[in-house]
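Note: the block below is model-v2.pdb and it holds PDB, C-alpha atoms.
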```
MODEL        1
ATOM      1  CA  MET A 637    -184.531  41.350  14.966  1.00  0.00           C
ATOM      2  CA  GLU A 638    -184.810  44.521  17.023  1.00  0.00           C
ATOM      3  CA  VAL A 639    -182.168  45.791  19.414  1.00  0.00           C
ATOM      4  CA  PHE A 640    -182.386  48.555  22.017  1.00  0.00           C
ATOM      5  CA  ILE A 641    -180.224  49.770  24.864  1.00  0.00           C
ATOM      6  CA  PRO A 642    -182.790  50.968  27.395  1.00  0.00           C
ATOM      7  CA  SER A 643    -180.389  51.635  30.272  1.00  0.00           C
ATOM      8  CA  PHE A 644    -176.889  51.610  31.692  1.00  0.00           C
ATOM      9  CA  ARG A 645    -175.364  51.496  35.138  1.00  0.00           C
ATOM     10  CA  HIS A 646    -172.041  52.281  36.744  1.00  0.00           C
ATOM     11  CA  GLU A 647    -170.113  49.398  38.340  1.00  0.00           C
ATOM     12  CA  GLU A 648    -167.421  49.770  40.958  1.00  0.00           C
ATOM     13  CA  SER A 649    -164.539  47.339  41.196  1.00  0.00           C
ATOM     14  CA  ASP A 650    -161.682  46.880  43.660  1.00  0.00           C
ATOM     15  CA  LEU A 651    -159.355  45.685  40.894  1.00  0.00           C
ATOM     16  CA  GLU A 652    -159.921  48.507  38.397  1.00  0.00           C
ATOM     17  CA  ARG A 653    -161.520  51.879  37.898  1.00  0.00           C
ATOM     18  CA  GLY A 654    -165.309  51.939  37.785  1.00  0.00           C
ATOM     19  CA  TYR A 655    -166.927  51.172  34.462  1.00  0.00           C
ATOM     20  CA  THR A 656    -170.306  51.405  32.745  1.00  0.00           C
ATOM     21  CA  VAL A 657    -172.425  48.396  31.799  1.00  0.00           C
ATOM     22  CA  PHE A 658    -175.005  48.814  29.015  1.00  0.00           C
ATOM     23  CA  LYS A 659    -178.179  46.715  29.135  1.00  0.00           C
ATOM     24  CA  ILE A 660    -179.092  45.499  25.628  1.00  0.00           C
ATOM     25  CA  GLU A 661    -182.648  44.366  24.913  1.00  0.00           C
ATOM     26  CA  VAL A 662    -182.932  41.890  22.025  1.00  0.00           C
ATOM     27  CA  LEU A 663    -186.336  41.141  20.470  1.00  0.00           C
ATOM     28  CA  MET A 664    -186.396  38.232  18.062  1.00  0.00           C
ATOM     29  CA  ASN A 665    -189.200  35.981  16.860  1.00  0.00           C
ATOM     30  CA  GLY A 666    -191.506  37.272  19.581  1.00  0.00           C
ATOM     31  CA  ARG A 667    -188.977  36.592  22.327  1.00  0.00           C
ATOM     32  CA  LYS A 668    -187.075  39.102  24.417  1.00  0.00           C
ATOM     33  CA  HIS A 669    -183.866  38.715  26.327  1.00  0.00           C
ATOM     34  CA  PHE A 670    -181.272  41.023  27.824  1.00  0.00           C
ATOM     35  CA  VAL A 671    -177.500  41.099  27.518  1.00  0.00           C
ATOM     36  CA  GLU A 672    -175.145  43.336  29.474  1.00  0.00           C
ATOM     37  CA  LYS A 673    -171.939  44.588  27.839  1.00  0.00           C
ATOM     38  CA  ARG A 674    -169.183  47.055  28.632  1.00  0.00           C
ATOM     39  CA  TYR A 675    -168.000  49.573  26.054  1.00  0.00           C
ATOM     40  CA  SER A 676    -164.752  47.620  25.640  1.00  0.00           C
ATOM     41  CA  GLU A 677    -166.819  44.647  24.423  1.00  0.00           C
ATOM     42  CA  PHE A 678    -168.576  46.853  21.851  1.00  0.00           C
ATOM     43  CA  HIS A 679    -165.186  48.129  20.706  1.00  0.00           C
ATOM     44  CA  ALA A 680    -163.792  44.581  20.350  1.00  0.00           C
ATOM     45  CA  LEU A 681    -166.885  43.606  18.341  1.00  0.00           C
ATOM     46  CA  HIS A 682    -166.449  46.636  16.086  1.00  0.00           C
ATOM     47  CA  LYS A 683    -162.791  45.791  15.364  1.00  0.00           C
ATOM     48  CA  LYS A 684    -163.737  42.249  14.332  1.00  0.00           C
ATOM     49  CA  LEU A 685    -166.805  43.268  12.314  1.00  0.00           C
ATOM     50  CA  LYS A 686    -164.800  45.819  10.302  1.00  0.00           C
ATOM     51  CA  LYS A 687    -162.812  42.960   8.793  1.00  0.00           C
ATOM     52  CA  CYS A 688    -165.799  41.284   7.145  1.00  0.00           C
ATOM     53  CA  ILE A 689    -168.830  43.594   6.824  1.00  0.00           C
ATOM     54  CA  LYS A 690    -169.746  47.211   6.350  1.00  0.00           C
ATOM     55  CA  THR A 691    -169.860  48.822   9.804  1.00  0.00           C
ATOM     56  CA  PRO A 692    -171.184  52.183  10.925  1.00  0.00           C
ATOM     57  CA  GLU A 693    -169.135  54.529  13.110  1.00  0.00           C
ATOM     58  CA  ILE A 694    -168.923  53.560  16.754  1.00  0.00           C
ATOM     59  CA  PRO A 695    -169.024  56.226  19.500  1.00  0.00           C
ATOM     60  CA  SER A 696    -165.658  57.493  20.657  1.00  0.00           C
ATOM     61  CA  LYS A 697    -163.637  55.188  22.866  1.00  0.00           C
ATOM     62  CA  HIS A 698    -162.486  57.980  25.148  1.00  0.00           C
ATOM     63  CA  VAL A 699    -164.998  59.847  27.266  1.00  0.00           C
ATOM     64  CA  ARG A 700    -163.579  62.787  29.198  1.00  0.00           C
ATOM     65  CA  ASN A 701    -166.068  62.714  32.032  1.00  0.00           C
ATOM     66  CA  TRP A 702    -168.565  60.247  33.404  1.00  0.00           C
ATOM     67  CA  VAL A 703    -171.519  62.570  33.894  1.00  0.00           C
ATOM     68  CA  PRO A 704    -174.921  61.054  33.104  1.00  0.00           C
ATOM     69  CA  LYS A 705    -175.465  63.293  30.056  1.00  0.00           C
ATOM     70  CA  VAL A 706    -172.268  62.056  28.394  1.00  0.00           C
ATOM     71  CA  LEU A 707    -173.078  58.436  29.227  1.00  0.00           C
ATOM     72  CA  GLU A 708    -176.596  58.885  27.835  1.00  0.00           C
ATOM     73  CA  GLN A 709    -175.088  60.115  24.552  1.00  0.00           C
ATOM     74  CA  ARG A 710    -172.836  57.054  24.482  1.00  0.00           C
ATOM     75  CA  ARG A 711    -175.852  54.793  25.185  1.00  0.00           C
ATOM     76  CA  GLN A 712    -177.750  56.352  22.265  1.00  0.00           C
ATOM     77  CA  GLY A 713    -174.702  56.051  20.011  1.00  0.00           C
ATOM     78  CA  LEU A 714    -174.187  52.372  20.829  1.00  0.00           C
ATOM     79  CA  GLU A 715    -177.894  51.669  20.287  1.00  0.00           C
ATOM     80  CA  MET A 716    -177.742  53.373  16.885  1.00  0.00           C
ATOM     81  CA  TYR A 717    -174.577  51.401  16.090  1.00  0.00           C
ATOM     82  CA  LEU A 718    -176.255  48.027  16.755  1.00  0.00           C
ATOM     83  CA  GLN A 719    -179.384  49.030  14.827  1.00  0.00           C
ATOM     84  CA  ALA A 720    -177.297  50.236  11.868  1.00  0.00           C
ATOM     85  CA  VAL A 721    -175.364  46.938  11.721  1.00  0.00           C
ATOM     86  CA  ILE A 722    -178.698  45.117  11.515  1.00  0.00           C
ATOM     87  CA  LEU A 723    -180.172  47.469   8.893  1.00  0.00           C
ATOM     88  CA  GLU A 724    -177.102  47.723   6.652  1.00  0.00           C
ATOM     89  CA  ASN A 725    -176.316  44.018   6.452  1.00  0.00           C
ATOM     90  CA  GLU A 726    -178.640  41.486   4.880  1.00  0.00           C
ATOM     91  CA  GLU A 727    -176.867  38.625   6.646  1.00  0.00           C
ATOM     92  CA  LEU A 728    -175.652  39.072  10.197  1.00  0.00           C
ATOM     93  CA  PRO A 729    -172.287  37.529  11.058  1.00  0.00           C
ATOM     94  CA  LYS A 730    -172.138  34.822  13.678  1.00  0.00           C
ATOM     95  CA  LEU A 731    -169.888  36.929  15.904  1.00  0.00           C
ATOM     96  CA  PHE A 732    -172.554  39.670  15.971  1.00  0.00           C
ATOM     97  CA  LEU A 733    -175.213  37.117  16.906  1.00  0.00           C
ATOM     98  CA  ASP A 734    -172.897  35.672  19.571  1.00  0.00           C
ATOM     99  CA  PHE A 735    -172.382  39.173  20.994  1.00  0.00           C
ATOM    100  CA  LEU A 736    -176.169  39.474  21.409  1.00  0.00           C
ATOM    101  CA  ASN A 737    -176.477  35.884  22.718  1.00  0.00           C
ATOM    102  CA  VAL A 738    -178.634  34.891  19.765  1.00  0.00           C
ATOM    103  CA  ARG A 739    -177.758  31.229  19.277  1.00  0.00           C
ATOM    104  CA  HIS A 740    -180.770  29.664  17.586  1.00  0.00           C
ATOM    105  CA  LEU A 741    -180.102  30.911  14.052  1.00  0.00           C
ATOM    106  CA  PRO A 742    -178.348  28.693  11.540  1.00  0.00           C
ATOM    107  CA  SER A 743    -174.877  29.908  10.684  1.00  0.00           C
ATOM    108  CA  LEU A 744    -174.762  32.184   7.677  1.00  0.00           C
ATOM    109  CA  PRO A 745    -172.176  32.175   4.856  1.00  0.00           C
ATOM    110  CA  LYS A 746    -170.732  35.538   5.935  1.00  0.00           C
ATOM    111  CA  ALA A 747    -170.543  34.319   9.511  1.00  0.00           C
ATOM    112  CA  GLU A 748    -168.033  31.652   8.622  1.00  0.00           C
ATOM    113  CA  SER A 749    -165.591  34.182   7.157  1.00  0.00           C
ATOM    114  CA  CYS A 750    -165.781  36.376  10.273  1.00  0.00           C
ATOM    115  CA  GLY A 751    -165.080  33.675  12.816  1.00  0.00           C
ATOM    116  CA  SER A 752    -166.440  33.571  16.316  1.00  0.00           C
ATOM    117  CA  PHE A 753    -166.645  36.453  18.759  1.00  0.00           C
ATOM    118  CA  ASP A 754    -164.890  34.322  21.324  1.00  0.00           C
ATOM    119  CA  GLU A 755    -161.904  32.891  19.466  1.00  0.00           C
ATOM    120  CA  THR A 756    -161.580  30.061  21.995  1.00  0.00           C
ATOM    121  CA  GLU A 757    -165.159  28.887  21.425  1.00  0.00           C
ATOM    122  CA  SER A 758    -165.205  25.363  20.093  1.00  0.00           C
ATOM    123  CA  GLU A 759    -166.953  24.318  16.900  1.00  0.00           C
ATOM    124  CA  GLU A 760    -169.185  22.014  18.938  1.00  0.00           C
ATOM    125  CA  SER A 761    -170.576  24.751  21.177  1.00  0.00           C
ATOM    126  CA  SER A 762    -171.427  26.996  18.221  1.00  0.00           C
ATOM    127  CA  LYS A 763    -173.874  24.468  16.781  1.00  0.00           C
ATOM    128  CA  LEU A 764    -177.510  24.251  17.755  1.00  0.00           C
ATOM    129  CA  SER A 765    -177.699  23.295  21.389  1.00  0.00           C
ATOM    130  CA  HIS A 766    -180.996  21.424  21.206  1.00  0.00           C
ATOM    131  CA  GLN A 767    -183.281  19.525  18.890  1.00  0.00           C
ATOM    132  CA  PRO A 768    -187.064  19.828  19.004  1.00  0.00           C
ATOM    133  CA  VAL A 769    -188.681  16.873  20.749  1.00  0.00           C
ATOM    134  CA  LEU A 770    -192.282  15.743  20.665  1.00  0.00           C
ATOM    135  CA  LEU A 771    -193.224  13.900  23.801  1.00  0.00           C
ATOM    136  CA  PHE A 772    -196.441  12.445  25.137  1.00  0.00           C
ATOM    137  CA  LEU A 773    -196.732  11.750  28.832  1.00  0.00           C
ATOM    138  CA  ARG A 774    -198.869   8.749  27.991  1.00  0.00           C
ATOM    139  CA  ASP A 775    -200.246   7.262  24.802  1.00  0.00           C
ATOM    140  CA  PRO A 776    -203.971   8.075  24.898  1.00  0.00           C
ATOM    141  CA  TYR A 777    -204.740   5.310  22.406  1.00  0.00           C
ATOM    142  CA  VAL A 778    -203.106   2.498  24.367  1.00  0.00           C
ATOM    143  CA  LEU A 779    -203.477   3.274  28.049  1.00  0.00           C
ATOM    144  CA  PRO A 780    -206.903   3.201  29.681  1.00  0.00           C
ATOM    145  CA  ALA A 781    -208.463   6.524  30.586  1.00  0.00           C
ATOM    146  CA  ALA A 782    -207.951   7.756  34.135  1.00  0.00           C
ATOM    147  CA  ASN A 783    -211.711   8.118  34.609  1.00  0.00           C
ATOM    148  CA  ASP A 784    -214.855   6.437  33.367  1.00  0.00           C
ATOM    149  CA  PHE A 785    -215.942   9.320  31.121  1.00  0.00           C
ATOM    150  CA  PRO A 786    -215.222   8.906  27.406  1.00  0.00           C
ATOM    151  CA  ASP A 787    -212.744  11.323  25.857  1.00  0.00           C
ATOM    152  CA  VAL A 788    -214.836  13.053  23.211  1.00  0.00           C
ATOM    153  CA  VAL A 789    -211.851  14.780  21.622  1.00  0.00           C
ATOM    154  CA  ILE A 790    -209.916  11.557  21.094  1.00  0.00           C
ATOM    155  CA  GLU A 791    -213.000   9.803  19.745  1.00  0.00           C
ATOM    156  CA  GLY A 792    -213.614  12.689  17.328  1.00  0.00           C
ATOM    157  CA  VAL A 793    -210.044  12.627  16.094  1.00  0.00           C
ATOM    158  CA  LEU A 794    -210.117   8.846  15.649  1.00  0.00           C
ATOM    159  CA  ARG A 795    -213.365   9.064  13.721  1.00  0.00           C
ATOM    160  CA  GLY A 796    -212.139  11.879  11.488  1.00  0.00           C
ATOM    161  CA  ILE A 797    -208.764  10.345  10.698  1.00  0.00           C
ATOM    162  CA  PHE A 798    -209.365   6.610  10.595  1.00  0.00           C
ATOM    163  CA  TYR A 799    -213.057   6.288   9.747  1.00  0.00           C
ATOM    164  CA  PRO A 800    -214.087   9.334   7.689  1.00  0.00           C
ATOM    165  CA  HIS A 801    -216.335   7.233   5.451  1.00  0.00           C
ATOM    166  CA  LEU A 802    -218.374   5.687   8.320  1.00  0.00           C
ATOM    167  CA  GLN A 803    -221.470   7.212   9.901  1.00  0.00           C
ATOM    168  CA  PRO A 804    -221.147   8.033  13.626  1.00  0.00           C
ATOM    169  CA  SER A 805    -223.169   4.964  14.686  1.00  0.00           C
ATOM    170  CA  GLU A 806    -220.945   2.646  12.596  1.00  0.00           C
ATOM    171  CA  VAL A 807    -217.781   4.130  14.160  1.00  0.00           C
ATOM    172  CA  VAL A 808    -219.150   3.548  17.643  1.00  0.00           C
ATOM    173  CA  SER A 809    -219.885  -0.082  16.937  1.00  0.00           C
ATOM    174  CA  HIS A 810    -216.590  -0.543  15.084  1.00  0.00           C
ATOM    175  CA  LEU A 811    -214.548   0.936  17.951  1.00  0.00           C
ATOM    176  CA  GLY A 812    -216.619  -0.768  20.599  1.00  0.00           C
ATOM    177  CA  VAL A 813    -217.218   2.560  22.309  1.00  0.00           C
ATOM    178  CA  SER A 814    -220.502   3.319  23.958  1.00  0.00           C
ATOM    179  CA  LEU A 815    -221.823   6.882  23.819  1.00  0.00           C
TER     180      LEU A 815
ENDMDL
END
```
Do you think you could lay out the structure here as structure tokens?
Amino acid sequence: MEVFIPSFRHEESDLERGYTVFKIEVLMNGRKHFVEKRYSEFHALHKKLKKCIKTPEIPSKHVRNWVPKVLEQRRQGLEMYLQAVILENEELPKLFLDFLNVRHLPSLPKAESCGSFDETESEESSKLSHQPVLLFLRDPYVLPAANDFPDVVIEGVLRGIFYPHLQPSEVVSHLGVSL
């Protein structure tokens, strides 16, 4: 798993002071997705992680000014924090994976002792959300072909699997297929 924080942006709100949102890029098993988190969410994660795994230092909670240079330093610090958690821990806790919206990994032994990032999350929702399904739109061996041309691929597979000992001419007569 690789994690980067390529950017951040300032958000304005009528209900509270403006805040910064960090865009997290997660690369895993050849797939990439993005998650956006505020610093307060990083801080909450850090407090929970400290209870069950070795954690690196997190950038200071209090920033005196909101100039881009200071925010860029915070972005770099948070990126290094996430990368250090990954590097320093052989098994990643479930709450860390939840924070990054990585849900397709099986739960790990350490993850159980840490609990869930969202304490109200039910046991049901933390399990795998899907099962792999193999589906054919039609059974090529039962339904007639849509056109009059023979399907060479299907014939080759049938010959190789079911009649490997027969010569091609015997397979044709056995299947009743004309070439």
**Message:** As a check of understanding, name the residues that the PyMOL selection byres ((chain A and resi 692) around 12) selects in the supplied structure, as a ChimeraX atom specification.
**Reply:** /A:682-683,685-686,689-691,693-695,713-725
**Asked** Near A:Arg667, within 12 Å and counting only C-alpha atoms, which residues show up once chain neighbours fewer than 2 positions away are dropped, as a ChimeraX atom specification?
**Response** /A:637-639,661-665,669-670,738,740
**Request:** May I ask for the distance between atom CA of A:Ile641 and atom CA of A:Val657, given in Å to one decimal place?
**Result:** 10.5 Å
**Prompt:** atom CA of A:Arg645 and atom CA of A:Lys705 are how many Å apart?
**Reply:**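 That distance, rounded to one decimal, is 12.8 Å.
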**Message:** Just want the 12 Å neighbourhood of A:Tyr655, counted on only C-alpha atoms, with same-chain residues fewer than 5 positions away dropped. Output as an MDAnalysis selection string.
**Reply:** chainID A and resid 644:650 673:677 699 701:702 707
**Asked** For the atom pair atom CA of A:Leu733 and atom CA of A:Arg711, what is the interatomic distance in Å to one decimal place?
**Response**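 Answer for the atom CA of A:Leu733 to atom CA of A:Arg711 separation: 19.5 Å.
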